[in-house]
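Novice: Below is one structure. I have some questions about it.
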Amino acid sequence: MIGLAVYLGLRNKHKDEKVKNKVLIWSAILMDGFEILKFIIVCTREGSIEPMKRMLPLFLCSIQLITIPLAAFSKGRVKEASMDFVFIFGILGAVLGTYGAGQNYNAYPVLSFDNVVSGLTHTIAGFASLYIVISGLTSMKPKNIWITFTILISFCVVAYIADIIIPYNYMFLMNHDGTPYQIFYDMVNGNKVLYPLIVVFLFLFYVSIFYLVYFLIRKAKAKNN
């Protein structure tokens, strides 16, 4: 993931946007392709579409299944904001979805289909994130922050509705599920209103801090130049 992102990012850094975008197109096709394949295999294996209820693209990492294609195929501010979203959450998702998801190895063999596809989709998101910044595709314009927030909040709302209807624990809005969110879950005694609001706030806080750090680094670089 890291090696390929650095290689392709540096190779395409001074090329036009069309050439740079081809890598994102392939990232979108591969990531969504693997996920669709997983849906088909798992449902076939279990002889039911019931597994679809726990496989909806409503996890934080799953948002990349939509934002990477948007970054690859859309235009204008939607494209810019989507690339920023991939940049902000791609690496985080790759780390949490591979190393941070080590508990999966207690449920599935390490090289099982489920774990391999999960590893592939998470690392494709991480690859796209690194490639975007290395190749110079990031915009990170302050005027697009609200679009990033809108994407995130919209998914949280849909995930919350799905959590209630199914029920499930998309975006960790119902339960900490063994994650560090347990700190906040215990803090409010699992309150069904306060806990999900805290989780959403933490998502938005992370985005805000990411933008702030990026702007400070960019300002410092400009001053040094």
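Naming scheme: A, B, ... for chains in displayed order of the structure tokens; residues 1 onward per chain; ligands 1 onward as shown.
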What residues in chain A get the DSSP label alpha helix (DSSP H)? Please answer as a VMD selection string.
Specialist: chain A and resid 2 to 12 17 to 46 64 to 73 76 to 97 113 to 135 145 to 165 182 to 187 194 to 224
Novice: Region 96-182 of chain A near region 79-86 of chain A within 6 Å: what's each residue's closest atom pair and its distance in Å to one decimal, counting only C-alpha atoms, ordered by chain then ascending residue number, as CSV?
Specialist:
```
residue,atom,partner,partner_atom,distance
A:Ser129,CA,A:Val86,CA,5.4
A:Met140,CA,A:Asp84,CA,5.9
A:Asn144,CA,A:Ala81,CA,5.8
A:Thr148,CA,A:Ala81,CA,6.0
```
Novice: Generate the output file for the selected residues, N, CA, C and O atoms, as a compact mmCIF listing (two decimals), in the first residue's frame.
Specialist:
```
# COMPACT_ATOMS: atom_id res chain seq x y z
N SER A 129 -5.52 7.42 -0.19
CA SER A 129 -5.24 8.57 0.67
C SER A 129 -3.80 9.06 0.48
O SER A 129 -3.55 10.25 0.26
N MET A 140 -7.96 20.61 -0.04
CA MET A 140 -8.10 21.03 1.36
C MET A 140 -8.46 22.51 1.47
O MET A 140 -7.88 23.26 2.25
N ASN A 144 -14.58 24.06 1.36
CA ASN A 144 -15.14 22.72 1.14
C ASN A 144 -15.33 21.92 2.42
O ASN A 144 -15.82 20.79 2.37
N THR A 148 -17.42 18.15 3.45
CA THR A 148 -16.87 17.01 4.18
C THR A 148 -17.74 16.70 5.40
O THR A 148 -18.07 15.53 5.66
```
Novice: Quick one: pull the distance between CA of Cys61 (chain A) and CA of His122 (chain A), Å, one decimal.
Specialist: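 Between these atoms lies a distance of 7.2 Å.
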Novice: Out of A:Phe87, A:Phe172, A:Phe113, A:Tyr211, which residue has the shortest atom-to-atom distance to Lys192 (chain A) when counting only C-alpha atoms?
Specialist: A:Phe172
Novice: Can you work out which one of A:Tyr160, A:Phe59, A:Phe149, A:Tyr105 has the shortest atom-to-atom distance to Val193 (chain A), counting only C-alpha atoms?
Specialist: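 Looking only at the distances to Val193 (chain A), the closest residue turns out to be A:Tyr160.
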Novice: Write out as a JSON list (two decimals) with N, CA and C atoms, in the first residue's frame each polymer residue whose atoms come within 10 Å of region 38-55 of chain A, counting only C-alpha atoms; drop sequence neighbours fewer than 3 positions from it.
Specialist:
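For reference, out-v4.json as written:
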```json
[["chain", "number", "residue", "atom", "x", "y", "z"],
["A", 32, "ASP", "N", -14.61, -1.20, -4.88],
["A", 32, "ASP", "CA", -16.03, -1.55, -4.97],
["A", 32, "ASP", "C", -16.20, -2.96, -5.53],
["A", 33, "GLY", "N", -15.32, -3.35, -6.45],
["A", 33, "GLY", "CA", -15.38, -4.69, -7.02],
["A", 33, "GLY", "C", -15.17, -5.77, -5.98],
["A", 34, "PHE", "N", -14.16, -5.59, -5.14],
["A", 34, "PHE", "CA", -13.89, -6.56, -4.07],
["A", 34, "PHE", "C", -15.06, -6.63, -3.09],
["A", 35, "GLU", "N", -15.66, -5.47, -2.80],
["A", 35, "GLU", "CA", -16.76, -5.44, -1.84],
["A", 35, "GLU", "C", -18.00, -6.15, -2.41],
["A", 58, "LEU", "N", -22.04, 1.17, 5.74],
["A", 58, "LEU", "CA", -22.37, 2.23, 6.68],
["A", 58, "LEU", "C", -21.38, 2.31, 7.84],
["A", 59, "PHE", "N", -20.24, 1.62, 7.71],
["A", 59, "PHE", "CA", -19.16, 1.81, 8.66],
["A", 59, "PHE", "C", -18.35, 3.03, 8.24],
["A", 62, "SER", "N", -16.39, 2.24, 5.33],
["A", 62, "SER", "CA", -17.20, 1.93, 4.15],
["A", 62, "SER", "C", -17.54, 3.18, 3.35],
["A", 113, "PHE", "N", -11.21, -15.83, 3.41],
["A", 113, "PHE", "CA", -11.74, -14.90, 2.41],
["A", 113, "PHE", "C", -12.17, -13.59, 3.06],
["A", 114, "ASP", "N", -12.87, -13.68, 4.18],
["A", 114, "ASP", "CA", -13.40, -12.49, 4.84],
["A", 114, "ASP", "C", -12.29, -11.52, 5.25],
["A", 117, "VAL", "N", -10.28, -10.03, 2.00],
["A", 117, "VAL", "CA", -11.02, -8.97, 1.30],
["A", 117, "VAL", "C", -11.11, -7.71, 2.15],
["A", 118, "SER", "N", -11.33, -7.89, 3.45],
["A", 118, "SER", "CA", -11.36, -6.73, 4.35],
["A", 118, "SER", "C", -10.02, -6.00, 4.33],
["A", 162, "ALA", "N", -30.33, 2.79, 10.43],
["A", 162, "ALA", "CA", -30.12, 1.35, 10.18],
["A", 162, "ALA", "C", -29.88, 0.61, 11.48],
["A", 163, "ASP", "N", -29.14, 1.22, 12.40],
["A", 163, "ASP", "CA", -28.85, 0.59, 13.69],
["A", 163, "ASP", "C", -30.14, 0.31, 14.46],
["A", 166, "ILE", "N", -32.44, -2.48, 12.08],
["A", 166, "ILE", "CA", -31.96, -3.86, 11.83],
["A", 166, "ILE", "C", -32.09, -4.79, 13.03],
["A", 167, "PRO", "N", -31.61, -4.51, 14.23],
["A", 167, "PRO", "CA", -30.65, -3.50, 14.68],
["A", 167, "PRO", "C", -29.21, -3.98, 14.48],
["A", 168, "TYR", "N", -28.28, -3.00, 14.50],
["A", 168, "TYR", "CA", -26.86, -3.33, 14.35],
["A", 168, "TYR", "C", -26.06, -2.24, 15.04],
["A", 169, "ASN", "N", -24.75, -2.16, 14.72],
["A", 169, "ASN", "CA", -23.90, -1.18, 15.39],
["A", 169, "ASN", "C", -23.02, -0.46, 14.39],
["A", 170, "TYR", "N", -23.62, 0.00, 13.30],
["A", 170, "TYR", "CA", -22.86, 0.75, 12.30],
["A", 170, "TYR", "C", -22.32, 2.04, 12.90]]
```
Novice: Given the choices A:Asn12, A:Phe184, A:Val157, A:Met1, which gets closest to Ile134 (chain A) if the distance is worked out from only C-alpha atoms?
Specialist: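 Comparing A:Asn12, A:Phe184, A:Val157, A:Met1 against Ile134 (chain A), the winner is A:Asn12.
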Novice: Looking at A:Tyr7, A:Tyr131, A:Phe89, A:Tyr108, which one is nearest to Leu24 (chain A), with distances taken over only C-alpha atoms?
Specialist: A:Tyr131
Novice: To one decimal place, how far is CA of Tyr206 (chain A) from CA of Pro69 (chain A) in Å?
Specialist: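 Value for the CA of Tyr206 (chain A)-CA of Pro69 (chain A) distance: 22.9 Å.
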Novice: Counting only C-alpha atoms, which of A:Lys15, A:Tyr185, A:Thr138, A:Lys223 gets nearest to Arg77 (chain A)?
Specialist: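 Going through A:Lys15, A:Tyr185, A:Thr138, A:Lys223 one by one, the smallest distance to Arg77 (chain A) is for A:Thr138.
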Novice: Using only C-alpha atoms, which of A:Val19, A:Ala101, A:Ile164, A:Leu65 sits nearest Ser135 (chain A)?
Specialist: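 Of all the options, A:Val19 lies closest to Ser135 (chain A).
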Novice: What is the CA of Val200 (chain A)-CA of Ala125 (chain A) distance in Å, reported with one decimal?
Specialist: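 So the two atoms, CA of Val200 (chain A) and CA of Ala125 (chain A), lie 21.1 Å apart.
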Novice: Determine, counting only C-alpha atoms, which protein, DNA and RNA residues have an atom within 10 Å of an atom of Leu152 (chain A); residues of the same chain fewer than 6 positions away are not included. Present the result as a list in words.
Specialist: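 That gives Leu60, Ile63, Phe85, Trp146, Val200, Phe203, Leu204 and Val207 of chain A.
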Novice: Show me, as JSON, numbers by chain, the residues that have an atom within 10 Å of Phe215 (chain A) when counting only C-alpha atoms, minus same-chain residues fewer than 4 positions from it.
Specialist: {"A": [140, 141, 142, 209, 210, 211, 219, 220, 221]}
